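**Q** One structure, as structure tokens, below. Some questions next.
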There are 2 protein chains.
Amino acid sequence: MAQSTVQFDHGAAAVSVPTGTLLIEAAHQAGVEIGQPCGGQGRCGRCAVQVTSGSVRRRSTLRLSPEDVEAGFALACQAVVEAEDVAVFVPPQEEIQRHLTTDRVAAEVQAPTGYAADTMQTIRRVSLTLTPPSLDDQTDDWSRFQTGLRQQMGAEKVEVSLPLLRRLGGILRQGNWRVTAIMDRSNGISRLIDVSPNLTPDTAPVWGIAIDIGTTTVTVWLVDLISGKVAQQISEYNNQIARGEDVISRIIASGKDGGDEMQRLVIETINELIDTACIRQKILPHAIMKATVAGNSTMIHLLLRIPAENIRLEPFVTAVNHPPVFHAHELGLDVCPDALVDCLPGVASYVGADISAGVLSSEITESDQTTLFIDVGTNGEIVLGSSEWLVTCACSAGPAFEGAGVLHGMRANKGAIEECWINGATYEPTYRVIGGTRPRGLCGSGLIALLAEMFLTGVVDKAGHINLTIPTSRVREGEHGPEYVVVCAEDAQDGRDIVITNVDIDNLLRAKAAIYAGFLVLAESVGIPLESVERVLIGGSFGKYINVEKAVEIGLLPDIPWDRFSFLGNTSVKGAYLALLDCHQRDRVKEIAARMTYIELSSDNTFYEAFMSALFLPHTDLSRFPSVEAMMVTGG
Amino acid sequence: MAQSTVQFDHGAAAVSVPTGTLLIEAAHQAGVEIGQPCGGQGRCGRCAVQVTSGSVRRRSTLRLSPEDVEAGFALACQAVVEAEDVAVFVPPQEEIQRHLTTDRVAAEVQAPTGYAADTMQTIRRVSLTLTPPSLDDQTDDWSRFQTGLRQQMGAEKVEVSLPLLRRLGGILRQGNWRVTAIMDRSNGISRLIDVSPNLTPDTAPVWGIAIDIGTTTVTVWLVDLISGKVAQQISEYNNQIARGEDVISRIIASGKDGGDEMQRLVIETINELIDTACIRQKILPHAIMKATVAGNSTMIHLLLRIPAENIRLEPFVTAVNHPPVFHAHELGLDVCPDALVDCLPGVASYVGADISAGVLSSEITESDQTTLFIDVGTNGEIVLGSSEWLVTCACSAGPAFEGAGVLHGMRANKGAIEECWINGATYEPTYRVIGGTRPRGLCGSGLIALLAEMFLTGVVDKAGHINLTIPTSRVREGEHGPEYVVVCAEDAQDGRDIVITNVDIDNLLRAKAAIYAGFLVLAESVGIPLESVERVLIGGSFGKYINVEKAVEIGLLPDIPWDRFSFLGNTSVKGAYLALLDCHQRDRVKEIAARMTYIELSSDNTFYEAFMSALFLPHTDLSRFPSVEAMMVTGG
């Protein structure tokens, strides 16, 4: 087969590839990292590169202007090498900032009131002093050990893995027949997790971890299972991000190699977090004896390397909502090899264990109040309920509020505009930038604020169309149609205008409409008006930073008194933490997942109508947003 | 480090090794196979090679005469390469004949009378026709599958491995929601073993295997678990033989690399047997859904790669007598990956699962008769008992009856003298050779016959000393002391005299004395005279070919009427087969193992006295052997 040479400008060695190879694959081979937010579908345009010598064949130029193509630009995921050698310039990528967000989470999580490891924890440490064998007592090591256990724990059968059984005899002798065993007792099964020579003081911690695998961010809490205290909290971007920003892109990417790479990336992320947490705590990762995991259904499938493709194909079915427990070594998790990994149960393809865990930790079911629970991360999941009932749905809102699908959108990193105001007379904006630097783009909260301000000042009409007739040069016809210039080139970090376009606004409207329509469908499904919701609980990292007032103004959140809204932060990892500590809470998650009535929106006409009506600012039916209506009368 | 070149004369390429390398290791590197019956301890002398150029340093010359050393001979396991390059001649090794002994076992084993898979078999095949998922029923694959199972099998929790769970969704769709599941239900746990697309006819077999791992021979029976019929029976030498003939040598050899090689060798042996059986049966190895394993404690430890060293060190303790079930893929067994491998329980270090299985299949506990059960293979294990009680012991008889530790001893292969008679007047021998060829050596049954004949004709006295004064040139002072020439050089296959020496006879006397002393200790432990034993059941491959009369004459077997003796063949694989088929029989093996009272002979003074008294032909106390005494009066 004919070979061509591809030279990237990153100091990487040139690679030789067969004709027909995608540029993105050549980049992989050359060790040049190019982000693929849409997972290689040619949709996002983020993998554009410039061919500076030679030519390539472009399968799709959807995201490129004729001028771009003229200048040699091509989407790396859509361009193949032809017979010719090529040189490729890779423009600076949106940097994935590695931020360990320990400083951004609540300082200390206290053990739940009344926590008692004795009655709640499945993990138990048992100190054993055994009689050494002799010619008069030739009992085999494993029976001798089990007899010792029985004397401490009562009669029961104990499961043990082959690798641990192999090590047992050596450990017993090393400890001179005094050893410490770590046992797990759950679902009626007693399992030996670890044995160490010598006896351990009763006050020493036994470690566990709660893990939340978000599409964007992975969080690990290191927990002392005896005291219940959280010793370390640590978060990091999911290494899978480079292969797609949303779950759909990830599922598609996982299909390419049976999920090997996706599993490797998320396990790498978790292991890095564990490693950092353990270094800070001055313990070894192998001292971690149990892991409880929450995450959306796709993330759980990819973690377990279970094929996830049916999640995205009608009728949208997961392979498994409630996985069995597995041993850490089966997944490559760098903790005690026989530690059990307990993935919490999800409800459906798009309402996963993160939501079950969120409902648990937000204590919706502990109250008679009608509560709306929203987790707007990369997906939008909604639960409505109380102690009596729970309904849930997932809105395919898309990741617009995470900055994807928006020309100058970005994640909530340094340089992102996170808050914005527009002067109603001059149409001049004022903004606040994360990190206090010059702006680079707009993150979710910034976009919500911008859209609300544009609407209230008349820069856009209720349909989201930019009004080109207002007297300001900030409004103009741009390359992608009408746009509003938020930051002029001279003030921007990159020396280019930061704008929001009509296309961006359409994407944001669709996202917010999907979420609001979800609220309506849930409320209607149980026959209560949305206004009668007594509490709105907002989970997820997105929720932490948004301005409720502005979110109501654009019609993203329902127009009810602001004091009914609470921000809970990462409810998923909190739920995993509670389930890690307390077997009764673990049972409750299962019960919650089983009790939630899932409403599939894709087959729901009510949803479609509600969605169409919500594609306006704030809504077609202004009576649903009385506070906004009042403001329009006042302001307009 | 200095390197030297070693050139073996086997057409192998010369190898370069560091100074200090053992010749046996150099041979391994060169791919030249040299047997090590004693496992590299320099005890057996079988790995002698001749250094024809250059010189080596000998650590031990225990088994070599000064003339041998003069001629360049060295033990490959005890000689290290020095700075000089060497050439090595490897004398023809005792060939390990590969004989598939299907032809030597009973033609057909019938299923046990009254066998009913429905009530006895833990493996069950379940045909499932599931409702496909739809937007109205988005149940996850695993729950859907479990619901189908519950409808067929009743409500229960099902365990599944991660690899099988990964494949489930694909299989369900491939079979268009009609699939066949193989379930195992044992010890209160239901496990999914396999799922295949489409439905299987109810009459189709479900395959299992019974395995007996002997120190010398491994046997596999391929069994239809539905009908209970044995479809294939197949045996092969244990590939571990090259690393030592007895369990002690194997344990020592396993210590060198943590048991990796020993496990690999036995798994290789089993997989080859499975492969052959499956080819003959025209099925795939992955169609085998369950394996039940018997074997002595060392063999089971080496199979599982559990450290076995404490078996040979006082106080002689196993790591585990009753291993948990493991999955085939954990051991590398080439059957269905999730098939359970059930190792039957043993009693002690030297009374293993082969004996528990043998007691089961020989039905000792089904009768009120006092029964003596002997399994003389590479080790000698004895059980005495009835339906009421069971005592057992192991005699460190050594492998003399398998031809090891005897100058011209060999296994029962082609060329082995298996029967022998001596003319009382001329002292000339007559013999029968396996395969009808010229003789190469003496196997166990031949040695027993020879010794009996020598004793009865006065070639040896009751102490086993060769009488050099008898008028025949067959008796002479040889290199190793007094010897009797069984075959003269011109009649022998190798063109050298086949002799039996005083040293050989001492070894045989020690072996037979150990076994007979074991009988006595067991009988005395329960206070019954050995003569009152009502049945003697002989298991093991060794037992198949020996002549009871001659075994009594040398005092190996007790002197009771011959009609009380029965030869049962491989009772171990039969026991494994019964346990494979019937969960009640499986429970019985466990019960039998738990009920057997083990008597440790190494700490038993009675044994030592009984052993010393038995070091004579047939015994110090002739009244114990009235029939032999009568013959001596008659014959002498």
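By convention in this document, the chains of the structure tokens carry letters A, B, ... by their order, each chain's residues are numbered from 1, and ligands are numbered from 1 in the order they are shown.
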Would you give me, as a VMD selection string, the residues in segment 122-335 of chain B that DSSP reads as helix (DSSP H, G or I)?

**A** chain B and resid 141 to 153 162 to 174 239 to 243 247 to 254 260 to 281 285 to 287 297 to 304 309 to 312 328 to 331

**Q** With only C-alpha atoms as the counted atoms, please give the residues lying no more than 12 Å from His301 of chain B, apart from itself and same-chain residues fewer than 4 positions off, as a PyMOL selection string.

**A** (chain A and resi 140+162+165-166) or (chain B and resi 213+247+250-251+254+258-260+262-263+266+293-297+305-311+317-323+331+343-346+349+352-353)

**Q** Skip segment 466-481 of chain A itself and residues of its chain fewer than 3 positions away, then list as JSON, numbers by chain all residues within 8 Å of it, counting only C-alpha atoms.

**A** {"A": [426, 427, 428, 458, 459, 460, 461, 484, 485, 486, 501, 502, 503]}

**Q** Limited to C-alpha atoms, could you put the picked residues into a file as an mmCIF file, in the first residue's frame?

**A**
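For reference, selection_21.cif as written:
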```cif
data_model
loop_
_atom_site.group_PDB
_atom_site.id
_atom_site.type_symbol
_atom_site.label_atom_id
_atom_site.label_comp_id
_atom_site.auth_asym_id
_atom_site.auth_seq_id
_atom_site.Cartn_x
_atom_site.Cartn_y
_atom_site.Cartn_z
ATOM 1 C CA THR A 426 -25.594 52.371 25.284
ATOM 2 C CA TYR A 427 -25.740 48.573 24.762
ATOM 3 C CA GLU A 428 -22.210 48.456 26.178
ATOM 4 C CA GLY A 458 -33.789 44.496 23.469
ATOM 5 C CA VAL A 459 -30.577 43.391 21.772
ATOM 6 C CA VAL A 460 -32.493 40.225 20.973
ATOM 7 C CA ASP A 461 -36.224 39.800 20.592
ATOM 8 C CA TYR A 484 -23.245 40.874 19.134
ATOM 9 C CA VAL A 485 -19.666 41.796 20.034
ATOM 10 C CA VAL A 486 -19.173 41.115 23.733
ATOM 11 C CA THR A 501 -24.119 34.878 17.107
ATOM 12 C CA ASN A 502 -27.725 34.119 16.226
ATOM 13 C CA VAL A 503 -26.632 30.516 15.718
#
```

**Q** Between A:Val109, A:Leu302, A:Val220, A:Cys395, which one has atoms that come closest to chain B, using only C-alpha atoms?

**A**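 When distances to chain B are compared using only C-alpha atoms, the smallest one comes from A:Leu302.
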
**Q** If I take atom CA of Trp562 of chain A and atom CA of Val536 of chain A, how far is one from the other in Å, to one decimal?

**A**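 Atom CA of Val536 of chain A lies 9.2 Å from atom CA of Trp562 of chain A.
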
**Q** Can you tell me, as a ChimeraX atom specification, what residues are no more than 9 Å from Ala48 of chain A when counting only C-alpha atoms, ignoring any on the same chain fewer than 2 positions away?

**A** /A:34,45-46,50,63-64,73-77,90-91

**Q** Could you pull out the strand (DSSP E or B) residues of segment 413-587 of chain B, going by DSSP on the backbone, and write them as number ranges by chain?

**A** B: 416-422, 429-433, 441-442, 460, 466, 475-478, 481-487, 498-501, 535-539, 565-569

**Q** Output N, CA and C atoms of each residue in that selection to a file, as a tab-separated table (two decimals), in the first residue's frame.

**A**
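Produced file part-v5.tsv, reproduced below:
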```
chain	number	residue	atom	x	y	z
B	416	ALA	N	9.60	-52.74	29.60
B	416	ALA	CA	9.73	-52.97	31.04
B	416	ALA	C	9.39	-54.43	31.35
B	417	ILE	N	10.20	-55.03	32.17
B	417	ILE	CA	9.88	-56.37	32.67
B	417	ILE	C	8.76	-56.21	33.69
B	418	GLU	N	7.62	-56.87	33.44
B	418	GLU	CA	6.47	-56.66	34.33
B	418	GLU	C	6.15	-57.90	35.15
B	419	GLU	N	6.76	-59.04	34.78
B	419	GLU	CA	6.54	-60.26	35.54
B	419	GLU	C	7.83	-61.06	35.43
B	420	CYS	N	8.09	-61.89	36.43
B	420	CYS	CA	9.39	-62.54	36.48
B	420	CYS	C	9.31	-63.80	37.33
B	421	TRP	N	10.06	-64.82	36.93
B	421	TRP	CA	10.13	-66.07	37.69
B	421	TRP	C	11.60	-66.49	37.72
B	422	ILE	N	12.01	-67.10	38.83
B	422	ILE	CA	13.39	-67.59	38.91
B	422	ILE	C	13.37	-69.10	39.17
B	429	PRO	N	16.46	-66.66	35.40
B	429	PRO	CA	15.15	-66.01	35.37
B	429	PRO	C	14.42	-66.18	34.04
B	430	THR	N	13.12	-66.10	34.12
B	430	THR	CA	12.26	-65.99	32.94
B	430	THR	C	11.43	-64.72	33.19
B	431	TYR	N	11.10	-64.03	32.12
B	431	TYR	CA	10.37	-62.78	32.37
B	431	TYR	C	9.44	-62.46	31.22
B	432	ARG	N	8.50	-61.56	31.52
B	432	ARG	CA	7.58	-61.08	30.48
B	432	ARG	C	7.80	-59.57	30.35
B	433	VAL	N	7.87	-59.12	29.09
B	433	VAL	CA	8.22	-57.72	28.84
B	433	VAL	C	7.02	-57.01	28.21
B	441	GLY	N	14.36	-52.48	31.27
B	441	GLY	CA	14.47	-52.26	32.71
B	441	GLY	C	13.33	-52.97	33.41
B	442	LEU	N	13.10	-52.58	34.66
B	442	LEU	CA	12.10	-53.24	35.50
B	442	LEU	C	11.09	-52.23	35.99
B	460	VAL	N	18.09	-63.97	47.71
B	460	VAL	CA	18.28	-63.02	48.82
B	460	VAL	C	17.80	-63.68	50.09
B	466	ILE	N	21.77	-60.11	49.07
B	466	ILE	CA	22.04	-61.05	48.00
B	466	ILE	C	23.09	-62.07	48.48
B	475	VAL	N	24.85	-63.96	40.10
B	475	VAL	CA	25.07	-63.24	41.36
B	475	VAL	C	26.54	-62.83	41.38
B	476	ARG	N	26.78	-61.55	41.66
B	476	ARG	CA	28.18	-61.09	41.59
B	476	ARG	C	28.37	-59.79	42.39
B	477	GLU	N	29.58	-59.43	42.59
B	477	GLU	CA	29.90	-58.15	43.23
B	477	GLU	C	29.98	-57.11	42.10
B	478	GLY	N	29.08	-56.18	42.11
B	478	GLY	CA	29.07	-55.19	41.03
B	478	GLY	C	29.62	-53.86	41.50
B	481	GLY	N	28.03	-52.80	44.70
B	481	GLY	CA	27.93	-53.88	45.69
B	481	GLY	C	27.31	-55.11	45.05
B	482	PRO	N	26.85	-56.06	45.87
B	482	PRO	CA	26.30	-57.31	45.35
B	482	PRO	C	25.11	-57.04	44.44
B	483	GLU	N	25.00	-57.81	43.35
B	483	GLU	CA	23.88	-57.63	42.44
B	483	GLU	C	23.51	-58.95	41.77
B	484	TYR	N	22.28	-58.99	41.25
B	484	TYR	CA	21.80	-60.17	40.53
B	484	TYR	C	21.50	-59.72	39.11
B	485	VAL	N	22.02	-60.47	38.14
B	485	VAL	CA	21.85	-60.08	36.74
B	485	VAL	C	20.54	-60.68	36.22
B	486	VAL	N	19.56	-59.80	35.96
B	486	VAL	CA	18.26	-60.28	35.49
B	486	VAL	C	18.33	-60.55	34.00
B	487	VAL	N	18.99	-59.66	33.26
B	487	VAL	CA	19.11	-59.81	31.80
B	487	VAL	C	20.56	-59.56	31.43
B	498	ILE	N	21.05	-55.90	32.72
B	498	ILE	CA	20.02	-55.33	33.61
B	498	ILE	C	20.15	-56.06	34.93
B	499	VAL	N	20.46	-55.30	35.99
B	499	VAL	CA	20.72	-55.94	37.28
B	499	VAL	C	19.81	-55.36	38.35
B	500	ILE	N	19.73	-56.09	39.47
B	500	ILE	CA	19.12	-55.51	40.67
B	500	ILE	C	20.19	-55.60	41.75
B	501	THR	N	20.40	-54.49	42.46
B	501	THR	CA	21.50	-54.44	43.42
B	501	THR	C	20.96	-54.50	44.85
B	535	ARG	N	-12.30	-56.72	53.30
B	535	ARG	CA	-12.09	-56.42	51.88
B	535	ARG	C	-10.83	-55.59	51.74
B	536	VAL	N	-10.07	-55.83	50.72
B	536	VAL	CA	-8.94	-54.95	50.39
B	536	VAL	C	-9.19	-54.41	48.99
B	537	LEU	N	-9.35	-53.09	48.90
B	537	LEU	CA	-9.63	-52.46	47.60
B	537	LEU	C	-8.37	-51.71	47.16
B	538	ILE	N	-7.92	-52.02	45.97
B	538	ILE	CA	-6.68	-51.41	45.50
B	538	ILE	C	-6.99	-50.47	44.35
B	539	GLY	N	-6.68	-49.21	44.57
B	539	GLY	CA	-6.92	-48.20	43.54
B	539	GLY	C	-5.60	-47.72	42.97
B	565	PHE	N	-9.32	-59.44	47.85
B	565	PHE	CA	-8.69	-58.32	47.14
B	565	PHE	C	-9.49	-57.96	45.88
B	566	SER	N	-9.66	-56.69	45.64
B	566	SER	CA	-10.25	-56.25	44.37
B	566	SER	C	-9.41	-55.10	43.82
B	567	PHE	N	-9.27	-55.06	42.52
B	567	PHE	CA	-8.58	-53.95	41.86
B	567	PHE	C	-9.62	-53.02	41.25
B	568	LEU	N	-9.57	-51.76	41.61
B	568	LEU	CA	-10.62	-50.84	41.17
B	568	LEU	C	-10.15	-49.87	40.10
B	569	GLY	N	-8.88	-49.88	39.76
B	569	GLY	CA	-8.38	-48.92	38.76
B	569	GLY	C	-8.34	-47.53	39.35
```

**Q** So that I can see what lies close to Ser613 of chain A, please list as an mmCIF file with C-alpha atoms, in the first residue's frame the residues with an atom at most 12 Å from it, counting only C-alpha atoms and leaving out residues fewer than 3 positions away in the same chain.

**A**
```cif
data_model
loop_
_atom_site.group_PDB
_atom_site.id
_atom_site.type_symbol
_atom_site.label_atom_id
_atom_site.label_comp_id
_atom_site.auth_asym_id
_atom_site.auth_seq_id
_atom_site.Cartn_x
_atom_site.Cartn_y
_atom_site.Cartn_z
ATOM 1 C CA LYS A 462 -38.269 37.095 22.247
ATOM 2 C CA ALA A 463 -37.462 34.728 19.385
ATOM 3 C CA LEU A 509 -32.546 28.447 23.310
ATOM 4 C CA ARG A 510 -32.857 24.810 22.344
ATOM 5 C CA LYS A 512 -32.950 25.854 27.832
ATOM 6 C CA ALA A 513 -36.209 24.938 26.103
ATOM 7 C CA ALA A 514 -35.445 21.241 26.439
ATOM 8 C CA TYR A 516 -37.883 23.757 30.805
ATOM 9 C CA ALA A 517 -40.052 21.432 28.721
ATOM 10 C CA LEU A 520 -43.406 20.852 32.427
ATOM 11 C CA GLY A 555 -36.849 30.831 30.877
ATOM 12 C CA THR A 606 -46.398 16.649 25.252
ATOM 13 C CA PHE A 607 -42.680 17.189 25.422
ATOM 14 C CA TYR A 608 -42.385 18.236 21.831
ATOM 15 C CA GLU A 609 -45.132 20.818 22.228
ATOM 16 C CA ALA A 610 -43.690 22.099 25.484
ATOM 17 C CA PHE A 616 -38.716 31.814 23.168
ATOM 18 C CA LEU A 617 -37.441 34.315 25.686
ATOM 19 C CA PRO A 618 -38.574 33.564 28.333
ATOM 20 C CA HIS A 619 -41.514 31.572 26.886
ATOM 21 C CA THR A 620 -44.433 31.841 24.461
ATOM 22 C CA ASP A 621 -46.752 31.916 27.404
ATOM 23 C CA LEU A 622 -45.572 34.933 29.376
ATOM 24 C CA ARG A 624 -45.661 31.373 33.213
#
```

**Q** Could you please determine the separation between atom CA of Tyr545 of chain A and atom CA of Tyr577 of chain A in Å, to one decimal place?

**A**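 Rounded to one decimal, the two atoms are 23.0 Å apart.
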
**Q** Set the distance at 12 Å and use only C-alpha atoms: which residues neighbour Ser16 of chain A once local chain neighbours fewer than 2 positions away are removed? I'd like the list as an mmCIF file with C-alpha atoms, in the first residue's frame.

**A**
```cif
data_model
loop_
_atom_site.group_PDB
_atom_site.id
_atom_site.type_symbol
_atom_site.label_atom_id
_atom_site.label_comp_id
_atom_site.auth_asym_id
_atom_site.auth_seq_id
_atom_site.Cartn_x
_atom_site.Cartn_y
_atom_site.Cartn_z
ATOM 1 C CA MET A 1 0.000 0.000 0.000
ATOM 2 C CA ALA A 2 1.282 3.521 -0.823
ATOM 3 C CA GLN A 3 2.677 5.445 2.156
ATOM 4 C CA SER A 4 2.894 9.166 2.701
ATOM 5 C CA THR A 5 4.802 11.137 5.278
ATOM 6 C CA VAL A 6 2.975 13.516 7.593
ATOM 7 C CA GLN A 7 4.984 16.137 9.457
ATOM 8 C CA PHE A 8 3.276 17.961 12.315
ATOM 9 C CA ALA A 13 8.904 13.153 14.365
ATOM 10 C CA ALA A 14 7.322 12.779 10.929
ATOM 11 C CA PRO A 18 -0.809 4.517 4.319
ATOM 12 C CA THR A 19 -2.760 6.583 1.819
ATOM 13 C CA GLY A 20 -6.284 7.066 3.109
ATOM 14 C CA THR A 21 -5.287 7.543 6.772
ATOM 15 C CA LEU A 23 -5.074 13.162 9.762
ATOM 16 C CA GLU A 25 -4.957 9.035 13.221
ATOM 17 C CA ALA A 26 -1.648 10.263 11.872
ATOM 18 C CA ALA A 27 -1.616 12.793 14.739
ATOM 19 C CA GLN A 29 0.688 8.077 15.787
ATOM 20 C CA ALA A 30 2.903 11.118 15.947
ATOM 21 C CA VAL A 81 -3.839 11.715 3.462
ATOM 22 C CA GLU A 82 -3.445 11.185 -0.264
ATOM 23 C CA ALA A 83 -0.425 9.995 -2.221
ATOM 24 C CA GLU A 84 1.430 13.208 -1.382
ATOM 25 C CA ASP A 85 3.593 13.960 1.700
ATOM 26 C CA VAL A 86 2.065 16.699 3.837
ATOM 27 C CA ALA A 87 3.075 19.186 6.484
#
```

**Q** Just the number, please: distance in Å from atom CA of Val391 of chain A to atom CA of Ala523 of chain A, one decimal.

**A** 8.8 Å

**Q** List the spatial neighbours of Arg411 of chain B as a list in words - criterion: any atom at most 6 Å away, only C-alpha atoms, same-chain residues fewer than 6 positions off excluded.

**A** Glu402, Gly403 and Cys443 of chain B

**Q** Deliver the residues from the most recent selection as a file, using C-alpha atoms, as a PDB file, in the first residue's frame.

**A**
```
ATOM      1  CA  GLU B 402       7.359 -46.621  39.942  1.00  0.00           C
ATOM      2  CA  GLY B 403      10.937 -47.489  39.073  1.00  0.00           C
ATOM      3  CA  CYS B 443       8.774 -51.646  36.373  1.00  0.00           C
TER       4      CYS B 443
END
```

**Q** Out of B:Asp491, B:Glu156, B:Asp257, B:Glu314, which residue has the shortest atom-to-atom distance to chain A when counting only C-alpha atoms?

**A**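 Distance minimum relative to chain A lands on B:Glu314.
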